[in-house]
>>> print(open('query_11.txt').read())   # compact mmCIF, C-alpha atoms and all ligand atoms
# COMPACT_ATOMS: atom_id res chain seq x y z
CA MET A 1 -59.57 -11.51 -2.54
CA GLY A 2 -61.51 -12.91 -5.48
CA LYS A 3 -60.01 -14.95 -8.28
CA THR A 4 -59.33 -11.98 -10.47
CA ASN A 5 -57.65 -10.00 -7.74
CA VAL A 6 -55.38 -12.86 -6.83
CA PHE A 7 -54.53 -13.25 -10.46
CA VAL A 8 -53.76 -9.58 -10.98
CA PHE A 9 -51.70 -9.55 -7.82
CA PHE A 10 -49.54 -12.40 -9.01
CA SER A 11 -49.38 -11.06 -12.52
CA LEU A 12 -48.04 -7.73 -11.45
CA SER A 13 -45.79 -8.81 -8.64
CA TYR A 14 -43.35 -10.84 -10.70
CA TYR A 15 -43.97 -13.66 -8.29
CA ASP A 16 -44.36 -16.95 -10.05
CA PRO A 17 -46.75 -18.99 -7.91
CA ILE A 18 -45.59 -22.23 -9.49
CA SER A 19 -42.26 -23.68 -8.51
CA ASP A 20 -40.01 -25.15 -11.16
CA ASP A 21 -40.98 -28.70 -10.25
CA GLY A 22 -44.64 -27.98 -10.87
CA ARG A 23 -46.00 -27.81 -7.32
CA CYS A 24 -48.27 -24.94 -6.36
CA PHE A 25 -47.38 -22.44 -3.69
CA GLY A 26 -49.93 -21.22 -1.18
CA LYS A 27 -53.64 -21.63 -1.64
CA THR A 28 -54.15 -20.16 -5.06
CA ASP A 29 -57.22 -21.80 -6.51
CA ILE A 30 -56.79 -20.40 -9.96
CA LEU A 31 -53.91 -22.49 -11.15
CA VAL A 32 -53.91 -25.85 -12.82
CA CYS A 33 -50.97 -27.67 -11.34
CA GLY A 34 -49.37 -31.04 -11.96
CA ARG A 35 -50.14 -32.45 -15.43
CA LYS A 36 -51.25 -29.18 -16.97
CA ARG A 37 -48.46 -27.24 -15.36
CA GLY A 38 -46.70 -26.21 -18.59
CA LEU A 39 -49.87 -24.78 -20.09
CA ALA A 40 -50.78 -22.90 -16.92
CA VAL A 41 -47.34 -21.33 -16.64
CA GLU A 42 -47.42 -20.36 -20.30
CA ARG A 43 -50.86 -18.76 -19.95
CA LEU A 44 -49.87 -16.97 -16.78
CA ARG A 45 -46.80 -15.52 -18.44
CA ILE A 46 -48.75 -14.28 -21.46
CA TRP A 47 -51.36 -12.72 -19.17
CA ARG A 48 -48.73 -11.14 -17.02
CA ILE A 49 -46.94 -9.58 -19.96
CA GLY A 50 -50.27 -8.46 -21.44
CA LEU A 51 -51.30 -6.84 -18.18
CA LEU A 52 -47.98 -5.09 -17.74
CA ILE A 53 -48.14 -3.73 -21.29
CA SER A 54 -51.70 -2.48 -20.71
CA LEU A 55 -50.68 -0.82 -17.48
CA VAL A 56 -47.71 0.89 -19.13
CA MET A 57 -49.98 2.04 -21.99
CA ILE A 58 -52.46 3.53 -19.51
CA LEU A 59 -49.64 5.31 -17.68
CA LEU A 60 -48.05 6.57 -20.89
CA ALA A 61 -51.42 7.85 -22.10
CA GLY A 62 -51.02 10.53 -19.45
CA CYS A 63 -48.00 11.80 -21.35
CA SER A 64 -50.06 13.13 -24.24
CA GLY A 65 -52.33 16.09 -23.52
CA ASP A 66 -51.55 19.78 -23.83
CA PRO A 67 -49.22 20.09 -26.87
CA THR A 68 -47.81 23.34 -25.48
CA LEU A 69 -46.43 21.37 -22.55
CA SER A 70 -44.02 19.43 -24.75
CA VAL A 71 -40.32 20.13 -25.11
CA LEU A 72 -40.48 18.22 -28.42
CA ASP A 73 -42.38 21.04 -30.12
CA PRO A 74 -40.22 24.12 -29.41
CA LYS A 75 -41.57 27.60 -30.12
CA GLY A 76 -38.60 29.67 -28.96
CA SER A 77 -34.84 29.89 -29.64
CA ALA A 78 -33.84 28.50 -26.24
CA ALA A 79 -36.24 25.55 -26.54
CA LYS A 80 -34.95 24.79 -30.07
CA ILE A 81 -31.33 24.79 -28.92
CA GLN A 82 -32.22 22.62 -25.94
CA LEU A 83 -34.08 20.14 -28.14
CA ASN A 84 -30.99 19.88 -30.38
CA LEU A 85 -28.99 19.00 -27.26
CA ILE A 86 -31.57 16.38 -26.27
CA TYR A 87 -31.37 14.77 -29.73
CA TRP A 88 -27.57 14.90 -29.76
CA SER A 89 -27.18 13.27 -26.34
CA LEU A 90 -29.93 10.75 -27.06
CA GLY A 91 -28.25 9.79 -30.36
CA LEU A 92 -24.84 9.42 -28.74
CA MET A 93 -26.24 7.35 -25.89
CA THR A 94 -28.16 5.15 -28.34
CA VAL A 95 -24.92 4.40 -30.22
CA VAL A 96 -23.17 3.53 -26.93
CA PHE A 97 -26.13 1.39 -25.83
CA VAL A 98 -26.29 -0.55 -29.11
CA ILE A 99 -22.53 -1.23 -29.12
CA VAL A 100 -22.50 -2.36 -25.47
CA ILE A 101 -25.56 -4.60 -25.85
CA THR A 102 -24.20 -6.12 -29.08
CA ILE A 103 -20.90 -7.00 -27.41
CA PHE A 104 -22.77 -8.26 -24.34
CA VAL A 105 -25.05 -10.58 -26.34
CA TYR A 106 -22.16 -11.75 -28.55
CA VAL A 107 -20.06 -12.68 -25.51
CA LEU A 108 -23.03 -14.40 -23.82
CA VAL A 109 -23.65 -16.59 -26.87
CA ARG A 110 -20.08 -17.13 -28.03
CA TYR A 111 -18.64 -18.03 -24.61
CA ARG A 112 -21.63 -19.73 -22.99
CA LYS A 113 -21.13 -22.98 -21.14
CA ARG A 114 -21.49 -25.91 -23.53
CA LYS A 115 -22.46 -29.51 -22.89
CA GLY A 116 -19.59 -31.60 -21.66
CA GLN A 117 -17.51 -28.56 -20.86
CA ASP A 118 -16.78 -28.63 -17.16
CA ARG A 119 -13.42 -26.92 -17.12
CA MET A 120 -13.03 -23.28 -15.97
CA PRO A 121 -12.13 -21.18 -19.04
CA GLU A 122 -8.83 -19.33 -19.11
CA GLN A 123 -9.02 -16.12 -17.03
CA VAL A 124 -7.48 -12.94 -18.42
CA HIS A 125 -6.51 -10.02 -16.15
CA GLY A 126 -4.90 -6.65 -16.72
CA SER A 127 -4.82 -6.24 -20.47
CA THR A 128 -3.33 -2.76 -20.80
CA LYS A 129 -4.64 -2.37 -24.34
CA LEU A 130 -8.24 -3.13 -23.28
CA GLU A 131 -8.00 -0.92 -20.17
CA ILE A 132 -6.87 2.02 -22.29
CA ILE A 133 -9.62 1.43 -24.86
CA TRP A 134 -12.45 1.36 -22.33
CA THR A 135 -11.13 4.37 -20.48
CA VAL A 136 -10.64 6.51 -23.57
CA ILE A 137 -14.03 5.76 -25.18
CA PRO A 138 -16.18 7.10 -22.27
CA ILE A 139 -13.95 10.16 -21.96
CA ALA A 140 -14.41 10.83 -25.68
CA ALA A 141 -18.19 10.39 -25.33
CA LEU A 142 -18.28 12.83 -22.39
CA ILE A 143 -16.24 15.40 -24.31
CA ALA A 144 -18.61 15.03 -27.27
CA LEU A 145 -21.50 15.80 -24.88
CA ALA A 146 -19.69 18.59 -23.04
CA ILE A 147 -18.62 20.70 -26.03
CA PRO A 148 -22.10 21.59 -27.36
CA THR A 149 -23.52 21.79 -23.80
CA VAL A 150 -20.96 24.38 -22.70
CA GLN A 151 -21.26 26.23 -26.01
CA TYR A 152 -25.09 26.43 -25.77
CA THR A 153 -24.97 27.36 -22.08
CA PHE A 154 -22.90 30.44 -22.90
CA ASP A 155 -25.00 31.26 -25.98
CA LEU A 156 -28.23 31.13 -23.98
CA ALA A 157 -26.85 33.26 -21.12
CA GLU A 158 -25.73 36.06 -23.45
CA ALA A 159 -27.76 39.16 -22.65
CA PRO A 160 -29.10 41.08 -25.65
CA PRO A 161 -28.85 44.92 -25.70
CA ALA A 162 -30.98 46.33 -22.87
CA GLU A 163 -33.08 48.56 -25.17
CA GLU A 164 -34.19 45.52 -27.19
CA THR A 165 -35.12 43.47 -24.16
CA VAL A 166 -38.39 43.26 -22.29
CA ILE A 167 -37.70 42.76 -18.59
CA ILE A 168 -40.18 40.79 -16.53
CA ASP A 169 -39.81 40.18 -12.81
CA VAL A 170 -41.40 36.84 -11.99
CA THR A 171 -42.14 35.87 -8.41
CA GLY A 172 -43.27 32.40 -7.43
CA TYR A 173 -45.64 32.10 -4.48
CA GLN A 174 -47.46 29.11 -3.04
CA PHE A 175 -49.24 28.54 -5.51
CA TRP A 176 -49.36 31.33 -8.05
CA TRP A 177 -47.14 33.57 -10.15
CA GLU A 178 -46.71 37.32 -10.17
CA PHE A 179 -45.39 39.15 -13.27
CA LYS A 180 -44.06 42.71 -13.04
CA TYR A 181 -42.92 44.79 -16.02
CA PRO A 182 -40.60 47.42 -14.50
CA GLN A 183 -40.23 49.20 -17.86
CA TYR A 184 -43.98 49.73 -18.20
CA GLY A 185 -45.13 49.89 -14.57
CA ILE A 186 -47.45 46.91 -15.02
CA THR A 187 -48.16 44.19 -12.44
CA THR A 188 -50.23 41.14 -13.22
CA ALA A 189 -50.57 37.51 -12.19
CA GLN A 190 -51.01 34.03 -13.69
CA GLU A 191 -50.95 35.28 -17.30
CA VAL A 192 -47.85 36.86 -18.78
CA HIS A 193 -47.90 38.62 -22.15
CA ILE A 194 -44.81 38.92 -24.36
CA PRO A 195 -44.09 40.30 -27.83
CA VAL A 196 -43.12 37.71 -30.48
CA GLY A 197 -39.50 37.87 -31.67
CA LYS A 198 -38.24 40.03 -28.77
CA LYS A 199 -35.84 38.73 -26.16
CA ILE A 200 -37.48 38.59 -22.75
CA LEU A 201 -35.30 38.74 -19.68
CA PHE A 202 -37.12 36.94 -16.89
CA ARG A 203 -35.71 37.82 -13.46
CA VAL A 204 -36.96 35.03 -11.26
CA HIS A 205 -37.59 35.78 -7.57
CA GLY A 206 -38.70 33.56 -4.69
CA LYS A 207 -40.64 34.49 -1.55
CA ASP A 208 -41.66 31.37 0.36
CA VAL A 209 -40.33 27.96 -0.72
CA LEU A 210 -38.48 26.59 -3.74
CA HIS A 211 -40.42 26.60 -7.02
CA SER A 212 -39.31 26.19 -10.60
CA PHE A 213 -40.35 28.45 -13.48
CA TRP A 214 -40.95 26.43 -16.63
CA VAL A 215 -42.49 27.09 -20.03
CA PRO A 216 -41.69 23.87 -21.93
CA SER A 217 -42.40 25.36 -25.39
CA LEU A 218 -40.03 28.27 -24.81
CA GLY A 219 -37.15 26.87 -22.75
CA GLY A 220 -35.86 24.91 -19.80
CA LYS A 221 -36.60 25.26 -16.11
CA VAL A 222 -35.28 27.98 -13.82
CA ASP A 223 -35.11 27.49 -10.06
CA VAL A 224 -37.10 29.92 -7.94
CA VAL A 225 -35.02 30.43 -4.79
CA PRO A 226 -36.03 32.76 -1.95
CA GLY A 227 -33.41 35.46 -1.45
CA ARG A 228 -31.88 34.99 -4.90
CA VAL A 229 -32.58 36.29 -8.38
CA ASN A 230 -32.05 33.82 -11.21
CA THR A 231 -32.35 34.98 -14.78
CA VAL A 232 -33.30 33.38 -18.05
CA ILE A 233 -33.64 34.85 -21.53
CA LEU A 234 -36.49 33.44 -23.58
CA ASP A 235 -38.29 34.41 -26.75
CA ALA A 236 -41.26 33.17 -28.76
CA LYS A 237 -40.86 32.68 -32.50
CA GLU A 238 -44.57 32.57 -33.18
CA ALA A 239 -47.73 33.94 -31.62
CA GLY A 240 -49.63 31.55 -29.40
CA VAL A 241 -50.57 30.61 -25.87
CA TYR A 242 -47.98 28.50 -24.10
CA GLN A 243 -48.64 26.69 -20.87
CA GLY A 244 -46.31 27.31 -17.93
CA LYS A 245 -45.79 25.10 -14.89
CA CYS A 246 -44.10 25.00 -11.55
CA ALA A 247 -41.58 22.20 -11.88
CA GLU A 248 -40.48 21.84 -8.28
CA LEU A 249 -42.55 20.00 -5.67
CA CYS A 250 -43.56 22.94 -3.47
CA GLY A 251 -46.59 21.83 -1.48
CA SER A 252 -50.09 20.48 -1.87
CA GLY A 253 -51.03 22.94 -4.63
CA HIS A 254 -47.88 22.29 -6.67
CA ALA A 255 -49.54 20.40 -9.52
CA LEU A 256 -51.95 23.30 -10.02
CA MET A 257 -49.36 26.08 -9.94
CA ASP A 258 -49.96 26.86 -13.61
CA PHE A 259 -49.64 29.99 -15.67
CA LYS A 260 -49.98 30.96 -19.30
CA VAL A 261 -47.67 32.83 -21.65
CA PHE A 262 -49.47 34.85 -24.33
CA ALA A 263 -47.04 35.53 -27.17
CA LYS A 264 -48.45 38.32 -29.35
CA ASN A 265 -47.21 40.29 -32.31
CA GLN A 266 -45.86 43.71 -31.38
CA ALA A 267 -49.06 45.63 -32.22
CA ASP A 268 -51.24 43.34 -30.11
CA PHE A 269 -48.72 43.41 -27.29
CA ASP A 270 -48.68 47.22 -27.33
CA LYS A 271 -52.48 47.22 -27.23
CA TRP A 272 -52.45 44.93 -24.20
CA LYS A 273 -49.79 47.09 -22.55
CA ASP A 274 -51.85 50.25 -23.08
CA GLN A 275 -54.98 48.57 -21.75
CA MET A 276 -53.12 47.43 -18.63
CA LYS A 277 -51.95 50.98 -17.96
CA GLN A 278 -55.44 52.46 -18.25
CA PRO A 279 -56.92 53.28 -14.83
CA ALA A 280 -59.82 51.03 -13.83
CA PRO A 281 -63.18 52.44 -14.92
CA THR A 282 -65.15 54.00 -12.10
CA VAL A 283 -68.34 52.20 -11.23
CA ALA A 284 -71.75 53.83 -10.79
CA THR A 285 -72.37 54.48 -7.11
CA THR A 286 -75.83 52.96 -7.05
CA SER A 287 -75.22 49.82 -9.05
CA SER A 288 -74.61 46.36 -7.67
CA GLU A 289 -71.07 46.76 -9.02
CA ALA A 290 -70.64 49.59 -6.52
CA ASN A 291 -71.87 47.32 -3.76
CA GLY A 292 -69.47 44.67 -5.05
CA GLU A 293 -66.64 47.19 -4.84
CA LYS A 294 -67.53 47.88 -1.24
CA ILE A 295 -67.50 44.15 -0.46
CA PHE A 296 -64.16 43.86 -2.25
CA GLN A 297 -62.70 46.72 -0.18
CA GLN A 298 -63.90 45.13 3.05
CA ASN A 299 -62.97 41.52 2.36
CA CYS A 300 -60.36 41.16 -0.35
CA ILE A 301 -58.11 44.17 -0.62
CA GLY A 302 -56.03 43.31 2.45
CA CYS A 303 -54.30 40.55 0.50
CA HIS A 304 -54.91 41.59 -3.09
CA ALA A 305 -53.68 45.18 -3.00
CA GLY A 306 -50.08 44.23 -2.36
CA VAL A 307 -49.85 46.40 0.77
CA ASN A 308 -49.46 43.59 3.29
CA PRO A 309 -46.06 41.96 2.77
CA ASN A 310 -47.00 38.93 4.87
CA ILE A 311 -50.16 37.98 3.06
CA GLN A 312 -49.87 38.53 -0.64
CA GLY A 313 -52.48 37.53 -3.13
CA PRO A 314 -52.35 38.08 -6.87
CA ASN A 315 -52.80 41.61 -8.18
CA LEU A 316 -56.34 41.72 -9.60
CA ASN A 317 -55.88 44.73 -11.88
CA LYS A 318 -57.79 44.00 -15.15
CA PHE A 319 -58.91 40.73 -13.63
CA ALA A 320 -61.81 40.43 -16.08
CA THR A 321 -59.37 40.21 -19.03
CA ARG A 322 -57.81 37.00 -17.73
CA THR A 323 -58.75 33.69 -19.28
CA THR A 324 -58.40 31.71 -16.07
CA ILE A 325 -59.29 31.89 -12.39
CA ALA A 326 -56.42 30.97 -10.06
CA GLY A 327 -54.49 29.95 -13.18
CA VAL A 328 -56.45 26.71 -13.56
CA LEU A 329 -60.23 27.23 -13.95
CA PRO A 330 -61.71 28.65 -17.17
CA HIS A 331 -62.83 32.18 -16.40
CA ASN A 332 -66.61 32.38 -15.98
CA ASP A 333 -68.98 33.43 -13.22
CA GLU A 334 -69.82 29.87 -12.24
CA ASN A 335 -66.17 28.97 -11.66
CA LEU A 336 -65.54 32.26 -9.91
CA LYS A 337 -68.31 31.36 -7.46
CA ILE A 338 -66.78 27.92 -6.89
CA TRP A 339 -63.39 29.50 -6.29
CA LEU A 340 -64.66 32.19 -3.91
CA ARG A 341 -66.81 29.84 -1.86
CA ASN A 342 -64.17 27.16 -1.42
CA PRO A 343 -60.73 27.87 -2.90
CA GLN A 344 -59.24 24.79 -1.21
CA SER A 345 -61.51 22.55 -3.27
CA VAL A 346 -59.95 23.97 -6.43
CA LYS A 347 -56.35 24.41 -5.33
CA PRO A 348 -55.38 22.54 -2.15
CA GLY A 349 -53.03 24.50 0.07
CA THR A 350 -53.95 27.93 -1.28
CA LEU A 351 -53.83 30.75 1.26
CA MET A 352 -57.02 32.25 -0.16
CA PRO A 353 -59.68 31.99 2.58
CA LYS A 354 -63.23 30.80 1.96
CA ILE A 355 -65.63 33.64 1.10
CA ASP A 356 -68.63 31.52 2.03
CA TYR A 357 -70.21 34.01 4.42
CA LEU A 358 -71.65 36.34 1.78
CA ASN A 359 -75.28 35.94 0.84
CA LYS A 360 -76.29 35.20 -2.76
CA ASP A 361 -76.77 38.84 -3.71
CA GLU A 362 -73.53 39.96 -2.11
CA LEU A 363 -71.62 37.23 -3.92
CA ASN A 364 -73.23 38.21 -7.23
CA ASP A 365 -72.36 41.87 -6.64
CA LEU A 366 -68.77 40.99 -5.85
CA ILE A 367 -68.55 38.96 -9.06
CA LYS A 368 -70.13 41.83 -11.04
CA TYR A 369 -67.50 44.16 -9.65
CA LEU A 370 -64.65 41.76 -10.50
CA ASP A 371 -66.12 41.36 -14.00
CA SER A 372 -65.99 45.13 -14.44
CA ARG A 373 -62.26 45.28 -13.93
CA LYS A 374 -61.03 45.33 -17.51
CU1 LIG B 1 -44.45 25.86 -6.93
CU2 LIG B 1 -44.41 23.56 -7.39
>>> encode(input="query_11.txt", output="structure tokens")
Amino acid sequence: MGKTNVFVFFSLSYYDPISDDGRCFGKTDILVCGRKRGLAVERLRIWRIGLLISLVMILLAGCSGDPTLSVLDPKGSAAKIQLNLIYWSLGLMTVVFVIVITIFVYVLVRYRKRKGQDRMPEQVHGSTKLEIIWTVIPIAALIALAIPTVQYTFDLAEAPPAEETVIIDVTGYQFWWEFKYPQYGITTAQEVHIPVGKKILFRVHGKDVLHSFWVPSLGGKVDVVPGRVNTVILDAKEAGVYQGKCAELCGSGHALMDFKVFAKNQADFDKWKDQMKQPAPTVATTSSEANGEKIFQQNCIGCHAGVNPNIQGPNLNKFATRTTIAGVLPHNDENLKIWLRNPQSVKPGTLMPKIDYLNKDELNDLIKYLDSRK
């Protein structure tokens, strides 16, 4: 290890290489010991604190990013209510924290050991008054937290009239999402479209392992449990694209198990709905699209048609209208090639096999065919 590495190691490990009497531990060649001990310790401490702060800043920088991934900027009723709860509990806990720390510091200073005082102070046990006070205060704080929590829980679970609700069956797979609209006979994947202002009843299904359905801008997480249907009612107050995430560690592709929610005004939503219900346009029999269709039938349909219950890939109906590939790559031909040739390099753990055996023309034809599905 070089000087710097040794220094960083000590700085971050909370290990003070100088003993209180000024001798050096080990063979660290970076420290000035003996006469200059005070200065060295002082410098080391400043560096250590500086380094820790920098490290924390770097880590916290990862917390900014996609604004639609923040619960602090709610765009739906459920998210707004939940943010109120966050603020309420944070406020209450801050009050408790400040009171406790104030008493703690006051007692530390007021009753500290003073010079010339070598007698044990008087010990007090079993003050009934104090016992009652510090039992009642936490109970009161918990009740203050429980009342709005229970109230909001019931409010959020209340189902709106069925005719005003859009029902969406969500299924979480390793590592993608399927969205079915039983009222409209639509099946899609990775991108879910909803009308602004309407209540959406998400019925959340699981097939393989535990996942968690989460759209931070619209509301809290819902567990995806195989063999169970959990429900959540969400809405969007304004049009926009909101990022969705899997919030349960579910395997190597977990961090990339993304989806998008497109909240649209009713007219745009109806347009999307109508487009989704249109049959796919037929392709000219001589074109490369037709060849692409043939390649698709031979290589892809087994998983992507939804006929094989054991191997299920996303439904690719209207695939060309989607903004992403596999929920994570921007949709363009270049990325589609990368995905087809080596899906694992994009999303580790995906069940999608490599389509690296097609020649250049075949791959282009397949992409042309996929691009025609809109
Ligand atoms: Cu699915 Cu994490």
>>> closest_residue(input="query_11.txt", among="A:Leu108, A:Ala320, A:Leu358, A:Val222", to="Met276 in chain A", atoms="all atoms listed in the file")
A:Ala320
>>> residues_around(input="query_11.txt", residues="Glu164 in chain A", least_positions_apart="2", cutoff="9 Å", atoms="only C-alpha atoms", output="list in words")
Pro160, Pro161, Ala162, Val166, Lys198, Lys199 and Ile200 of chain A
>>> residues_near_ligand(input="query_11.txt", ligand="ligand LIG 1 (chain B)", cutoff="6 Å", atoms="only C-alpha atoms and all ligand atoms", output="count of residues only")
10
>>> atom_distance(input="query_11.txt", atom1="CA of Asp155 in chain A", atom2="CA of Leu72 in chain A")
20.4 Å
>>> residues_around(input="query_11.txt", residues="range 277-283 of chain A", least_positions_apart="3", cutoff="7 Å", atoms="only C-alpha atoms", output="list of chain:residue names")
A:Ile186, A:Lys273, A:Asp274, A:Glu289, A:Ala290, A:Arg373, A:Lys374
>>> atom_distance(input="query_11.txt", atom1="CA of Gln190 in chain A", atom2="CA of Ala159 in chain A")
25.4 Å
>>> closest_residue(input="query_11.txt", among="A:Phe259, A:Pro138, A:Ser127, A:Val328", to="Val96 in chain A", atoms="all atoms listed in the file")
A:Pro138
>>> residues_around(input="query_11.txt", residues="range 234-244 of chain A", least_positions_apart="4", cutoff="8 Å", atoms="only C-alpha atoms", output="PyMOL selection string")
chain A and resi 68-69+75-78+195-202+213-219+258-265
>>> atom_distance(input="query_11.txt", atom1="CA of His205 in chain A", atom2="CA of Asn310 in chain A")
15.9 Å
>>> residues_around(input="query_11.txt", residues="Gln183 in chain A", least_positions_apart="6", cutoff="10 Å", atoms="only C-alpha atoms", output="short mmCIF file (atom, residue, chain, number, x, y, z; two decimals) with C-alpha atoms, in the coordinates of the input")
data_model
loop_
_atom_site.label_atom_id
_atom_site.label_comp_id
_atom_site.auth_asym_id
_atom_site.auth_seq_id
_atom_site.Cartn_x
_atom_site.Cartn_y
_atom_site.Cartn_z
CA THR A 165 -35.12 43.47 -24.16
CA VAL A 166 -38.39 43.26 -22.29
CA ILE A 167 -37.70 42.76 -18.59
CA ILE A 168 -40.18 40.79 -16.53
#
>>> residues_around(input="query_11.txt", residues="range 87-90 of chain A", least_positions_apart="5", cutoff="9 Å", atoms="all atoms listed in the file", output="PyMOL selection string")
chain A and resi 82+95+144-145+148
>>> write_last_selection(input="query_11.txt", atoms="C-alpha atoms", output="short mmCIF file (atom, residue, chain, number, x, y, z; two decimals), in the frame of the given file")
data_model
loop_
_atom_site.label_atom_id
_atom_site.label_comp_id
_atom_site.auth_asym_id
_atom_site.auth_seq_id
_atom_site.Cartn_x
_atom_site.Cartn_y
_atom_site.Cartn_z
CA GLN A 82 -32.22 22.62 -25.94
CA VAL A 95 -24.92 4.40 -30.22
CA ALA A 144 -18.61 15.03 -27.27
CA LEU A 145 -21.50 15.80 -24.88
CA PRO A 148 -22.10 21.59 -27.36
#
>>> closest_residue(input="query_11.txt", among="A:Pro353, A:Arg114, A:Phe154, A:His331", to="Ile367 in chain A", atoms="all atoms listed in the file")
A:His331
>>> closest_residue(input="query_11.txt", among="A:Leu256, A:Gln275, A:Gly220, A:Gly292", to="Pro74 in chain A", atoms="all atoms listed in the file")
A:Gly220
>>> closest_residue(input="query_11.txt", among="A:Lys337, A:Lys360, A:Arg45, A:Leu316", to="Glu178 in chain A", atoms="only C-alpha atoms")
A:Leu316
